[in-house]
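Have a look at the structure below, then the notes.
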Amino acid sequence: AQSVTQLDSHVSVSEGTPVLLRCNYSSSYSPSLFWYVQHPNKGLQLLLKYTSAATLVKGINGFEAEFKKSETSFHLTKPSAHMSDAAEYFCVVSPSDYKLSFGAGTTVTVRA
Amino acid sequence: NAGVTQTPKFQVLKTGQSMTLQCAQDMNHEYMSWYRQDPGMGLRLIHYSVGAGITDQGEVPNGYNVSRSTTEDFPLRLLSAAPSQTSVYFCASSQTSSMNTEAFFGQGTRLTVV
């Protein structure tokens, strides 16, 4: 069985400061891991994915995530937040049967 | 390229009514799925399909039916709507050639059952 825990339901940052969104996972298999972003009243968009090629994954809009197997973590970071980063972020694990398991989501607020 | 298209975007139903949420994709993806999104719970899998003629239940299938007669379409039917089915529904599609494949999502259908 697989599960995903997003450790923060809400993160508030000032524009220009770093963003850290924390995700821990459990999986019986060697999983694929994803981060998706959902802007208000929109669908979900892929930010980045881990596919075992490299532990540090770069995504769109300056986001990156680091896979740490020993800690079963896949935290998402961005060095400098922008107002347009205000959204809900989902950590997602995909085991070998293609089904996606979603974390509960982290809402990011960016203060001017 | 339209991607994944869901209709309608908004719907209000009375308890006991039935309706079909439509989902179509034009990427020739084999795998399609339906999720519901509720506050604080992320997205939960309702039903999925790995190809035309093949469907299976996800995590929360009760009260919903699906069929997959073509590769492109994957409608979700609510048989007798209940207030507990008030939610935002997302359809997704992906290739099944690899578990690393990206899922593409529709814009969502916001359903309210009164």
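Each chain in the structure tokens gets a letter, A, B and so on, in the order shown; residues start at 1 in every chain, and ligands are counted from 1 in the order they appear.
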Note to self: Which residues are near Cys91 in chain A? Cut-off 7 Å, only C-alpha atoms, ignore same chain within fewer than 5 positions. Put them as a PyMOL selection string.
What the structure shows: chain A and resi 6+23+34-36+102-103
Output N, CA and C atoms for every residue in that selection, as a PDB file, in the first residue's frame.
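Saved as again-v5.pdb:
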ATOM      1  N   GLN A   6       1.350  15.201   3.474  1.00  0.00           N
ATOM      2  CA  GLN A   6       1.878  16.560   3.336  1.00  0.00           C
ATOM      3  C   GLN A   6       1.817  17.188   4.727  1.00  0.00           C
ATOM      4  N   CYS A  23       6.755  16.806   2.106  1.00  0.00           N
ATOM      5  CA  CYS A  23       5.993  15.622   1.713  1.00  0.00           C
ATOM      6  C   CYS A  23       6.742  14.370   2.135  1.00  0.00           C
ATOM      7  N   PHE A  34       5.409  12.802  -7.752  1.00  0.00           N
ATOM      8  CA  PHE A  34       5.069  13.996  -8.524  1.00  0.00           C
ATOM      9  C   PHE A  34       4.671  15.126  -7.567  1.00  0.00           C
ATOM     10  N   TRP A  35       4.834  16.337  -8.048  1.00  0.00           N
ATOM     11  CA  TRP A  35       4.192  17.496  -7.448  1.00  0.00           C
ATOM     12  C   TRP A  35       3.317  18.139  -8.514  1.00  0.00           C
ATOM     13  N   TYR A  36       2.043  18.373  -8.136  1.00  0.00           N
ATOM     14  CA  TYR A  36       1.102  19.079  -8.991  1.00  0.00           C
ATOM     15  C   TYR A  36       0.693  20.383  -8.314  1.00  0.00           C
ATOM     16  N   PHE A 102      -2.919  10.844  -3.741  1.00  0.00           N
ATOM     17  CA  PHE A 102      -2.680  12.254  -3.484  1.00  0.00           C
ATOM     18  C   PHE A 102      -2.536  12.535  -2.004  1.00  0.00           C
ATOM     19  N   GLY A 103      -1.644  13.467  -1.684  1.00  0.00           N
ATOM     20  CA  GLY A 103      -1.651  14.044  -0.364  1.00  0.00           C
ATOM     21  C   GLY A 103      -2.846  14.973  -0.218  1.00  0.00           C
TER      22      GLY A 103
END
Item checked: chain A contacts on chain B, only C-alpha atoms, 8 Å, as a list in words -> Gly40, Met41, Gly42, Leu43, Arg44, Leu45, Phe90, Thr96, Ser98, Met99, Asn100, Glu102, Ala103, Phe104, Phe105, Gly106, Gln107 and Gly108 of chain B
Could you write out the selected residues, including all heavy atoms, as a tab-separated table (two decimals), in the first residue's frame?
chain	number	residue	atom	x	y	z
B	40	GLY	N	-9.31	19.35	2.30
B	40	GLY	CA	-8.48	18.64	3.27
B	40	GLY	C	-8.26	17.17	2.99
B	40	GLY	O	-7.65	16.48	3.80
B	41	MET	N	-8.74	16.69	1.83
B	41	MET	CA	-8.62	15.25	1.55
B	41	MET	C	-7.89	14.98	0.25
B	41	MET	O	-7.81	13.82	-0.18
B	41	MET	CB	-10.01	14.61	1.52
B	41	MET	CG	-10.78	14.81	2.82
B	41	MET	SD	-12.34	13.96	2.85
B	41	MET	CE	-11.79	12.28	3.09
B	42	GLY	N	-7.40	15.98	-0.41
B	42	GLY	CA	-6.74	15.76	-1.68
B	42	GLY	C	-7.73	15.25	-2.71
B	42	GLY	O	-8.92	15.55	-2.66
B	43	LEU	N	-7.24	14.48	-3.66
B	43	LEU	CA	-8.09	13.88	-4.67
B	43	LEU	C	-8.18	12.38	-4.40
B	43	LEU	O	-7.17	11.73	-4.14
B	43	LEU	CB	-7.52	14.10	-6.08
B	43	LEU	CG	-7.85	15.43	-6.76
B	43	LEU	CD1	-7.12	16.59	-6.11
B	43	LEU	CD2	-7.54	15.35	-8.24
B	44	ARG	N	-9.38	11.83	-4.49
B	44	ARG	CA	-9.58	10.41	-4.25
B	44	ARG	C	-10.12	9.76	-5.53
B	44	ARG	O	-11.02	10.29	-6.17
B	44	ARG	CB	-10.53	10.20	-3.08
B	44	ARG	CG	-9.95	10.64	-1.74
B	44	ARG	CD	-10.96	10.42	-0.62
B	44	ARG	NE	-12.11	11.31	-0.74
B	44	ARG	CZ	-13.23	11.17	-0.04
B	44	ARG	NH1	-13.37	10.16	0.82
B	44	ARG	NH2	-14.21	12.03	-0.20
B	45	LEU	N	-9.60	8.60	-5.83
B	45	LEU	CA	-9.93	7.91	-7.06
B	45	LEU	C	-11.29	7.24	-6.96
B	45	LEU	O	-11.56	6.48	-6.04
B	45	LEU	CB	-8.86	6.85	-7.35
B	45	LEU	CG	-8.99	6.05	-8.62
B	45	LEU	CD1	-8.87	6.94	-9.85
B	45	LEU	CD2	-7.92	4.95	-8.66
B	90	PHE	N	-12.72	15.64	-11.07
B	90	PHE	CA	-11.68	15.78	-12.09
B	90	PHE	C	-11.53	14.48	-12.86
B	90	PHE	O	-11.48	13.40	-12.28
B	90	PHE	CB	-10.33	16.15	-11.47
B	90	PHE	CG	-10.27	17.56	-10.97
B	90	PHE	CD1	-10.49	17.86	-9.65
B	90	PHE	CD2	-9.99	18.59	-11.86
B	90	PHE	CE1	-10.43	19.16	-9.20
B	90	PHE	CE2	-9.93	19.90	-11.42
B	90	PHE	CZ	-10.16	20.19	-10.09
B	96	THR	N	-0.15	4.41	-20.57
B	96	THR	CA	0.16	3.34	-19.63
B	96	THR	C	1.46	2.65	-19.95
B	96	THR	O	1.74	1.59	-19.43
B	96	THR	CB	-0.95	2.28	-19.63
B	96	THR	OG1	-1.10	1.77	-20.96
B	96	THR	CG2	-2.25	2.86	-19.15
B	98	SER	N	4.32	3.51	-19.06
B	98	SER	CA	5.26	3.61	-17.94
B	98	SER	C	4.55	4.17	-16.74
B	98	SER	O	3.70	5.05	-16.87
B	98	SER	CB	6.44	4.50	-18.30
B	98	SER	OG	7.19	4.83	-17.14
B	99	MET	N	4.90	3.73	-15.55
B	99	MET	CA	4.29	4.29	-14.35
B	99	MET	C	4.80	5.69	-14.07
B	99	MET	O	4.29	6.38	-13.23
B	99	MET	CB	4.54	3.40	-13.14
B	99	MET	CG	5.97	3.42	-12.63
B	99	MET	SD	6.11	2.48	-11.11
B	99	MET	CE	7.79	2.87	-10.63
B	100	ASN	N	5.84	6.12	-14.83
B	100	ASN	CA	6.36	7.46	-14.63
B	100	ASN	C	5.61	8.50	-15.43
B	100	ASN	O	5.97	9.66	-15.42
B	100	ASN	CB	7.83	7.51	-15.04
B	100	ASN	CG	8.66	6.54	-14.24
B	100	ASN	OD1	8.40	6.30	-13.08
B	100	ASN	ND2	9.67	5.98	-14.87
B	102	GLU	N	3.10	11.21	-16.97
B	102	GLU	CA	2.35	12.33	-16.41
B	102	GLU	C	0.87	12.14	-16.66
B	102	GLU	O	0.45	11.69	-17.72
B	102	GLU	CB	2.80	13.62	-17.08
B	102	GLU	CG	2.00	14.84	-16.72
B	102	GLU	CD	2.41	16.06	-17.53
B	102	GLU	OE1	3.38	15.96	-18.30
B	102	GLU	OE2	1.75	17.11	-17.40
B	103	ALA	N	0.04	12.49	-15.68
B	103	ALA	CA	-1.40	12.51	-15.85
B	103	ALA	C	-1.84	13.91	-16.23
B	103	ALA	O	-1.36	14.90	-15.66
B	103	ALA	CB	-2.10	12.07	-14.57
B	104	PHE	N	-2.75	14.00	-17.20
B	104	PHE	CA	-3.30	15.28	-17.63
B	104	PHE	C	-4.72	15.39	-17.09
B	104	PHE	O	-5.51	14.45	-17.23
B	104	PHE	CB	-3.30	15.36	-19.17
B	104	PHE	CG	-1.93	15.41	-19.77
B	104	PHE	CD1	-1.20	14.25	-19.99
B	104	PHE	CD2	-1.34	16.63	-20.10
B	104	PHE	CE1	0.08	14.29	-20.53
B	104	PHE	CE2	-0.08	16.68	-20.65
B	104	PHE	CZ	0.64	15.51	-20.86
B	105	PHE	N	-5.03	16.53	-16.51
B	105	PHE	CA	-6.30	16.71	-15.85
B	105	PHE	C	-7.19	17.68	-16.62
B	105	PHE	O	-6.71	18.65	-17.22
B	105	PHE	CB	-6.10	17.25	-14.43
B	105	PHE	CG	-5.56	16.23	-13.48
B	105	PHE	CD1	-4.20	15.97	-13.43
B	105	PHE	CD2	-6.40	15.51	-12.66
B	105	PHE	CE1	-3.68	15.02	-12.56
B	105	PHE	CE2	-5.90	14.56	-11.78
B	105	PHE	CZ	-4.55	14.30	-11.73
B	106	GLY	N	-8.49	17.42	-16.55
B	106	GLY	CA	-9.46	18.39	-17.03
B	106	GLY	C	-9.59	19.55	-16.06
B	106	GLY	O	-8.95	19.58	-15.00
B	107	GLN	N	-10.44	20.51	-16.42
B	107	GLN	CA	-10.61	21.72	-15.61
B	107	GLN	C	-11.53	21.50	-14.41
B	107	GLN	O	-11.64	22.37	-13.55
B	107	GLN	CB	-11.18	22.84	-16.47
B	107	GLN	CG	-10.21	23.30	-17.55
B	107	GLN	CD	-8.98	23.98	-16.97
B	107	GLN	OE1	-9.05	25.04	-16.36
B	107	GLN	NE2	-7.83	23.35	-17.13
B	108	GLY	N	-12.20	20.38	-14.36
B	108	GLY	CA	-13.04	20.07	-13.21
B	108	GLY	C	-14.51	20.40	-13.43
B	108	GLY	O	-14.86	21.27	-14.23
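Here CA of Glu64 in chain A stands at a distance of 25.4 Å from CA of Gly3 in chain B.
Closest to Ser94 in chain B among B:Leu78, B:Met32, B:Leu13, B:Cys23 is B:Met32, based on only C-alpha atoms.
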Next item on the list: Tell me which protein, DNA and RNA residues are within 9 Å of Met83 in chain A, counting only C-alpha atoms, leaving out same-chain ones fewer than 5 positions away, and put them as a ChimeraX atom specification.
Entry: /A:14-16,109-112
Can you spit out the residues from that selection as an mmCIF file, in the first residue's frame, using N, CA and C atoms?
data_model
loop_
_atom_site.group_PDB
_atom_site.id
_atom_site.type_symbol
_atom_site.label_atom_id
_atom_site.label_comp_id
_atom_site.auth_asym_id
_atom_site.auth_seq_id
_atom_site.Cartn_x
_atom_site.Cartn_y
_atom_site.Cartn_z
ATOM 1 N N SER A 14 6.440 35.518 2.441
ATOM 2 C CA SER A 14 6.526 36.844 1.831
ATOM 3 C C SER A 14 7.122 36.722 0.444
ATOM 4 N N GLU A 15 6.677 37.585 -0.442
ATOM 5 C CA GLU A 15 7.222 37.581 -1.800
ATOM 6 C C GLU A 15 8.741 37.753 -1.740
ATOM 7 N N GLY A 16 9.447 36.933 -2.522
ATOM 8 C CA GLY A 16 10.907 37.025 -2.556
ATOM 9 C C GLY A 16 11.611 36.128 -1.556
ATOM 10 N N THR A 109 0.090 30.773 0.465
ATOM 11 C CA THR A 109 -0.278 32.188 0.395
ATOM 12 C C THR A 109 1.002 32.999 0.288
ATOM 13 N N VAL A 110 1.033 33.967 -0.600
ATOM 14 C CA VAL A 110 2.209 34.815 -0.770
ATOM 15 C C VAL A 110 1.831 36.241 -0.411
ATOM 16 N N ARG A 111 2.528 36.792 0.563
ATOM 17 C CA ARG A 111 2.264 38.169 1.043
ATOM 18 C C ARG A 111 3.145 39.149 0.289
ATOM 19 N N ALA A 112 2.558 40.273 -0.079
ATOM 20 C CA ALA A 112 3.314 41.299 -0.801
ATOM 21 C C ALA A 112 4.329 41.994 0.111
#
Using only C-alpha atoms, which protein or nucleic acid residues come within 8 Å of Phe74 in chain A? Drop anything in the same chain fewer than 6 positions from it, and give the result as a CSV table (one decimal) with N, CA, C and O atoms, in the first residue's frame.
chain,number,residue,atom,x,y,z
A,22,ARG,N,6.6,20.3,2.5
A,22,ARG,CA,7.1,19.0,2.9
A,22,ARG,C,6.2,17.9,2.6
A,22,ARG,O,4.9,18.0,2.7
A,23,CYS,N,6.8,16.8,2.1
A,23,CYS,CA,6.0,15.6,1.7
A,23,CYS,C,6.7,14.4,2.1
A,23,CYS,O,7.9,14.2,1.8
A,24,ASN,N,6.1,13.5,2.8
A,24,ASN,CA,6.6,12.2,3.1
A,24,ASN,C,5.7,11.1,2.5
A,24,ASN,O,4.5,11.3,2.4
A,25,TYR,N,6.3,10.0,2.1
A,25,TYR,CA,5.5,9.0,1.4
A,25,TYR,C,5.8,7.6,2.0
A,25,TYR,O,6.9,7.4,2.7
A,33,LEU,N,7.2,9.7,-8.0
A,33,LEU,CA,6.6,10.8,-7.2
A,33,LEU,C,6.5,12.1,-8.0
A,33,LEU,O,7.3,12.4,-8.9
A,65,ALA,N,12.6,19.7,-6.4
A,65,ALA,CA,12.3,18.8,-5.3
A,65,ALA,C,13.5,17.8,-5.1
A,65,ALA,O,14.1,17.4,-6.1
A,66,GLU,N,13.7,17.4,-3.9
A,66,GLU,CA,14.8,16.4,-3.7
A,66,GLU,C,14.2,15.1,-3.1
A,66,GLU,O,13.5,15.1,-2.1
A,67,PHE,N,14.5,14.0,-3.7
A,67,PHE,CA,14.1,12.7,-3.3
A,67,PHE,C,15.1,12.2,-2.3
A,67,PHE,O,16.3,12.1,-2.6
A,68,LYS,N,14.7,11.8,-1.1
A,68,LYS,CA,15.5,11.3,-0.1
A,68,LYS,C,14.9,9.9,0.4
A,68,LYS,O,14.0,9.9,1.2
Margin query: For the structure I just gave you, how does DSSP split chain A - specifically, which residues are helix (DSSP H, G or I)? Reply as a PyMOL selection string.
Written below: chain A and resi 60-62+83-85
Notebook entry, point to check: Rounded to one decimal in Å, what is the spacing between CA of Thr86 in chain B and CA of His39 in chain A?
Noted result: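 Computing the Euclidean distance for CA of Thr86 in chain B and CA of His39 in chain A yields 20.3 Å.
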Check: Which distance in Å separates CA of Ala52 in chain B and CA of Arg77 in chain B, to one decimal?
Finding: 16.9 Å
Expected answer as an mmCIF file with N, CA, C and O atoms, in the first residue's frame: strand (DSSP E or B) residues in range 13-98 of chain A:
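part-v6.cif written:
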data_model
loop_
_atom_site.group_PDB
_atom_site.id
_atom_site.type_symbol
_atom_site.label_atom_id
_atom_site.label_comp_id
_atom_site.auth_asym_id
_atom_site.auth_seq_id
_atom_site.Cartn_x
_atom_site.Cartn_y
_atom_site.Cartn_z
ATOM 1 N N VAL A 13 4.154 32.787 3.001
ATOM 2 C CA VAL A 13 5.496 33.345 2.829
ATOM 3 C C VAL A 13 5.384 34.768 2.279
ATOM 4 O O VAL A 13 4.366 35.134 1.684
ATOM 5 N N SER A 14 6.440 35.518 2.441
ATOM 6 C CA SER A 14 6.526 36.844 1.831
ATOM 7 C C SER A 14 7.122 36.722 0.444
ATOM 8 O O SER A 14 7.953 35.840 0.183
ATOM 9 N N VAL A 19 10.355 29.144 -0.377
ATOM 10 C CA VAL A 19 9.174 28.328 -0.087
ATOM 11 C C VAL A 19 9.621 26.886 0.129
ATOM 12 O O VAL A 19 10.442 26.376 -0.640
ATOM 13 N N LEU A 20 9.082 26.240 1.164
ATOM 14 C CA LEU A 20 9.353 24.835 1.422
ATOM 15 C C LEU A 20 8.032 24.137 1.692
ATOM 16 O O LEU A 20 7.299 24.497 2.620
ATOM 17 N N LEU A 21 7.719 23.135 0.878
ATOM 18 C CA LEU A 21 6.535 22.323 1.089
ATOM 19 C C LEU A 21 6.997 20.896 1.343
ATOM 20 O O LEU A 21 7.700 20.308 0.522
ATOM 21 N N CYS A 23 6.755 16.806 2.106
ATOM 22 C CA CYS A 23 5.993 15.622 1.713
ATOM 23 C C CYS A 23 6.742 14.370 2.135
ATOM 24 O O CYS A 23 7.915 14.203 1.795
ATOM 25 N N ASN A 24 6.063 13.487 2.848
ATOM 26 C CA ASN A 24 6.596 12.160 3.147
ATOM 27 C C ASN A 24 5.701 11.123 2.505
ATOM 28 O O ASN A 24 4.490 11.308 2.394
ATOM 29 N N TYR A 25 6.283 10.020 2.119
ATOM 30 C CA TYR A 25 5.500 8.993 1.443
ATOM 31 C C TYR A 25 5.837 7.630 2.025
ATOM 32 O O TYR A 25 6.872 7.436 2.656
ATOM 33 N N SER A 26 4.943 6.706 1.793
ATOM 34 C CA SER A 26 5.232 5.301 2.073
ATOM 35 C C SER A 26 4.745 4.506 0.882
ATOM 36 O O SER A 26 3.707 4.815 0.296
ATOM 37 N N SER A 32 7.056 6.240 -8.327
ATOM 38 C CA SER A 32 7.264 7.530 -8.969
ATOM 39 C C SER A 32 6.583 8.579 -8.102
ATOM 40 O O SER A 32 5.551 8.311 -7.488
ATOM 41 N N LEU A 33 7.161 9.748 -8.046
ATOM 42 C CA LEU A 33 6.649 10.829 -7.211
ATOM 43 C C LEU A 33 6.456 12.079 -8.046
ATOM 44 O O LEU A 33 7.274 12.365 -8.941
ATOM 45 N N PHE A 34 5.409 12.802 -7.752
ATOM 46 C CA PHE A 34 5.069 13.996 -8.524
ATOM 47 C C PHE A 34 4.671 15.126 -7.567
ATOM 48 O O PHE A 34 4.213 14.881 -6.451
ATOM 49 N N TRP A 35 4.834 16.337 -8.048
ATOM 50 C CA TRP A 35 4.192 17.496 -7.448
ATOM 51 C C TRP A 35 3.317 18.139 -8.514
ATOM 52 O O TRP A 35 3.771 18.405 -9.627
ATOM 53 N N TYR A 36 2.043 18.373 -8.136
ATOM 54 C CA TYR A 36 1.102 19.079 -8.991
ATOM 55 C C TYR A 36 0.693 20.383 -8.314
ATOM 56 O O TYR A 36 0.638 20.472 -7.080
ATOM 57 N N VAL A 37 0.347 21.381 -9.133
ATOM 58 C CA VAL A 37 -0.139 22.654 -8.618
ATOM 59 C C VAL A 37 -1.540 22.910 -9.166
ATOM 60 O O VAL A 37 -1.838 22.558 -10.309
ATOM 61 N N GLN A 38 -2.376 23.485 -8.313
ATOM 62 C CA GLN A 38 -3.732 23.833 -8.721
ATOM 63 C C GLN A 38 -3.997 25.288 -8.360
ATOM 64 O O GLN A 38 -4.096 25.626 -7.179
ATOM 65 N N LEU A 44 -5.367 20.671 -12.502
ATOM 66 C CA LEU A 44 -4.052 20.408 -11.931
ATOM 67 C C LEU A 44 -2.996 20.409 -13.028
ATOM 68 O O LEU A 44 -3.205 19.858 -14.105
ATOM 69 N N GLN A 45 -1.848 20.984 -12.690
ATOM 70 C CA GLN A 45 -0.743 21.076 -13.641
ATOM 71 C C GLN A 45 0.490 20.436 -13.019
ATOM 72 O O GLN A 45 0.799 20.665 -11.844
ATOM 73 N N LEU A 46 1.201 19.644 -13.809
ATOM 74 C CA LEU A 46 2.409 18.992 -13.310
ATOM 75 C C LEU A 46 3.526 20.008 -13.119
ATOM 76 O O LEU A 46 3.860 20.758 -14.031
ATOM 77 N N LEU A 47 4.106 20.028 -11.908
ATOM 78 C CA LEU A 47 5.277 20.862 -11.627
ATOM 79 C C LEU A 47 6.564 20.110 -11.935
ATOM 80 O O LEU A 47 7.467 20.646 -12.567
ATOM 81 N N LEU A 48 6.648 18.882 -11.438
ATOM 82 C CA LEU A 48 7.832 18.069 -11.645
ATOM 83 C C LEU A 48 7.531 16.632 -11.250
ATOM 84 O O LEU A 48 6.527 16.345 -10.617
ATOM 85 N N LYS A 49 8.472 15.738 -11.669
ATOM 86 C CA LYS A 49 8.306 14.339 -11.306
ATOM 87 C C LYS A 49 9.659 13.695 -11.053
ATOM 88 O O LYS A 49 10.671 14.049 -11.682
ATOM 89 N N TYR A 50 9.668 12.754 -10.138
ATOM 90 C CA TYR A 50 10.860 11.969 -9.836
ATOM 91 C C TYR A 50 10.705 10.599 -10.493
ATOM 92 O O TYR A 50 9.704 9.909 -10.288
ATOM 93 N N LEU A 56 17.700 15.038 -7.327
ATOM 94 C CA LEU A 56 17.268 16.432 -7.337
ATOM 95 C C LEU A 56 16.569 16.689 -8.662
ATOM 96 O O LEU A 56 17.170 16.554 -9.720
ATOM 97 N N VAL A 57 15.312 17.050 -8.577
ATOM 98 C CA VAL A 57 14.491 17.208 -9.769
ATOM 99 C C VAL A 57 14.114 18.672 -9.941
ATOM 100 O O VAL A 57 13.628 19.301 -9.005
ATOM 101 N N LYS A 58 14.337 19.177 -11.131
ATOM 102 C CA LYS A 58 13.940 20.562 -11.426
ATOM 103 C C LYS A 58 12.637 20.557 -12.208
ATOM 104 O O LYS A 58 12.446 19.734 -13.102
ATOM 105 N N GLU A 64 11.906 23.050 -7.445
ATOM 106 C CA GLU A 64 12.662 21.823 -7.484
ATOM 107 C C GLU A 64 12.331 20.985 -6.260
ATOM 108 O O GLU A 64 11.793 21.487 -5.263
ATOM 109 N N ALA A 65 12.614 19.699 -6.361
ATOM 110 C CA ALA A 65 12.331 18.789 -5.254
ATOM 111 C C ALA A 65 13.470 17.796 -5.134
ATOM 112 O O ALA A 65 14.098 17.429 -6.124
ATOM 113 N N GLU A 66 13.709 17.363 -3.898
ATOM 114 C CA GLU A 66 14.773 16.404 -3.653
ATOM 115 C C GLU A 66 14.185 15.125 -3.078
ATOM 116 O O GLU A 66 13.459 15.149 -2.079
ATOM 117 N N PHE A 67 14.520 14.021 -3.729
ATOM 118 C CA PHE A 67 14.093 12.710 -3.266
ATOM 119 C C PHE A 67 15.120 12.173 -2.282
ATOM 120 O O PHE A 67 16.300 12.062 -2.606
ATOM 121 N N LYS A 68 14.665 11.846 -1.073
ATOM 122 C CA LYS A 68 15.542 11.256 -0.065
ATOM 123 C C LYS A 68 14.938 9.929 0.376
ATOM 124 O O LYS A 68 14.004 9.889 1.185
ATOM 125 N N SER A 73 11.172 11.060 1.849
ATOM 126 C CA SER A 73 10.649 12.413 1.683
ATOM 127 C C SER A 73 10.844 12.893 0.249
ATOM 128 O O SER A 73 11.732 12.408 -0.481
ATOM 129 N N PHE A 74 10.048 13.853 -0.117
ATOM 130 C CA PHE A 74 10.124 14.456 -1.463
ATOM 131 C C PHE A 74 9.654 15.906 -1.313
ATOM 132 O O PHE A 74 8.603 16.298 -1.801
ATOM 133 N N HIS A 75 10.459 16.710 -0.648
ATOM 134 C CA HIS A 75 10.095 18.089 -0.343
ATOM 135 C C HIS A 75 10.263 19.004 -1.552
ATOM 136 O O HIS A 75 11.234 18.872 -2.302
ATOM 137 N N LEU A 76 9.362 19.935 -1.686
ATOM 138 C CA LEU A 76 9.347 20.893 -2.802
ATOM 139 C C LEU A 76 9.860 22.243 -2.322
ATOM 140 O O LEU A 76 9.439 22.720 -1.255
ATOM 141 N N THR A 77 10.735 22.852 -3.096
ATOM 142 C CA THR A 77 11.287 24.155 -2.701
ATOM 143 C C THR A 77 11.315 25.106 -3.889
ATOM 144 O O THR A 77 11.288 24.698 -5.052
ATOM 145 N N LYS A 78 11.366 26.386 -3.543
ATOM 146 C CA LYS A 78 11.590 27.445 -4.527
ATOM 147 C C LYS A 78 12.352 28.553 -3.818
ATOM 148 O O LYS A 78 11.977 28.946 -2.709
ATOM 149 N N ALA A 87 -1.293 29.164 -4.586
ATOM 150 C CA ALA A 87 -2.045 28.053 -5.175
ATOM 151 C C ALA A 87 -2.078 26.916 -4.158
ATOM 152 O O ALA A 87 -1.545 27.030 -3.056
ATOM 153 N N GLU A 88 -2.700 25.803 -4.573
ATOM 154 C CA GLU A 88 -2.656 24.602 -3.757
ATOM 155 C C GLU A 88 -1.731 23.604 -4.436
ATOM 156 O O GLU A 88 -1.768 23.444 -5.659
ATOM 157 N N TYR A 89 -0.913 22.938 -3.632
ATOM 158 C CA TYR A 89 0.103 22.035 -4.145
ATOM 159 C C TYR A 89 -0.157 20.632 -3.608
ATOM 160 O O TYR A 89 -0.423 20.453 -2.418
ATOM 161 N N PHE A 90 -0.047 19.667 -4.501
ATOM 162 C CA PHE A 90 -0.286 18.282 -4.133
ATOM 163 C C PHE A 90 0.949 17.436 -4.408
ATOM 164 O O PHE A 90 1.499 17.462 -5.514
ATOM 165 N N CYS A 91 1.332 16.667 -3.403
ATOM 166 C CA CYS A 91 2.353 15.642 -3.558
ATOM 167 C C CYS A 91 1.632 14.347 -3.924
ATOM 168 O O CYS A 91 0.607 14.011 -3.304
ATOM 169 N N VAL A 92 2.148 13.639 -4.907
ATOM 170 C CA VAL A 92 1.442 12.473 -5.446
ATOM 171 C C VAL A 92 2.423 11.319 -5.611
ATOM 172 O O VAL A 92 3.543 11.515 -6.097
ATOM 173 N N VAL A 93 2.000 10.135 -5.222
ATOM 174 C CA VAL A 93 2.827 8.950 -5.415
ATOM 175 C C VAL A 93 2.113 8.004 -6.364
ATOM 176 O O VAL A 93 0.887 7.866 -6.325
ATOM 177 N N SER A 94 2.886 7.387 -7.238
ATOM 178 C CA SER A 94 2.337 6.435 -8.189
ATOM 179 C C SER A 94 3.131 5.131 -8.098
ATOM 180 O O SER A 94 4.282 5.081 -8.514
#
Next item on the list: Find the residue from B:Ile46, B:Val66, B:Thr55, B:Arg36 that sits nearest to Gln22 in chain B; use only C-alpha atoms when measuring.
Entry: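 Of the candidates, the smallest distance to Gln22 in chain B is held by B:Val66.
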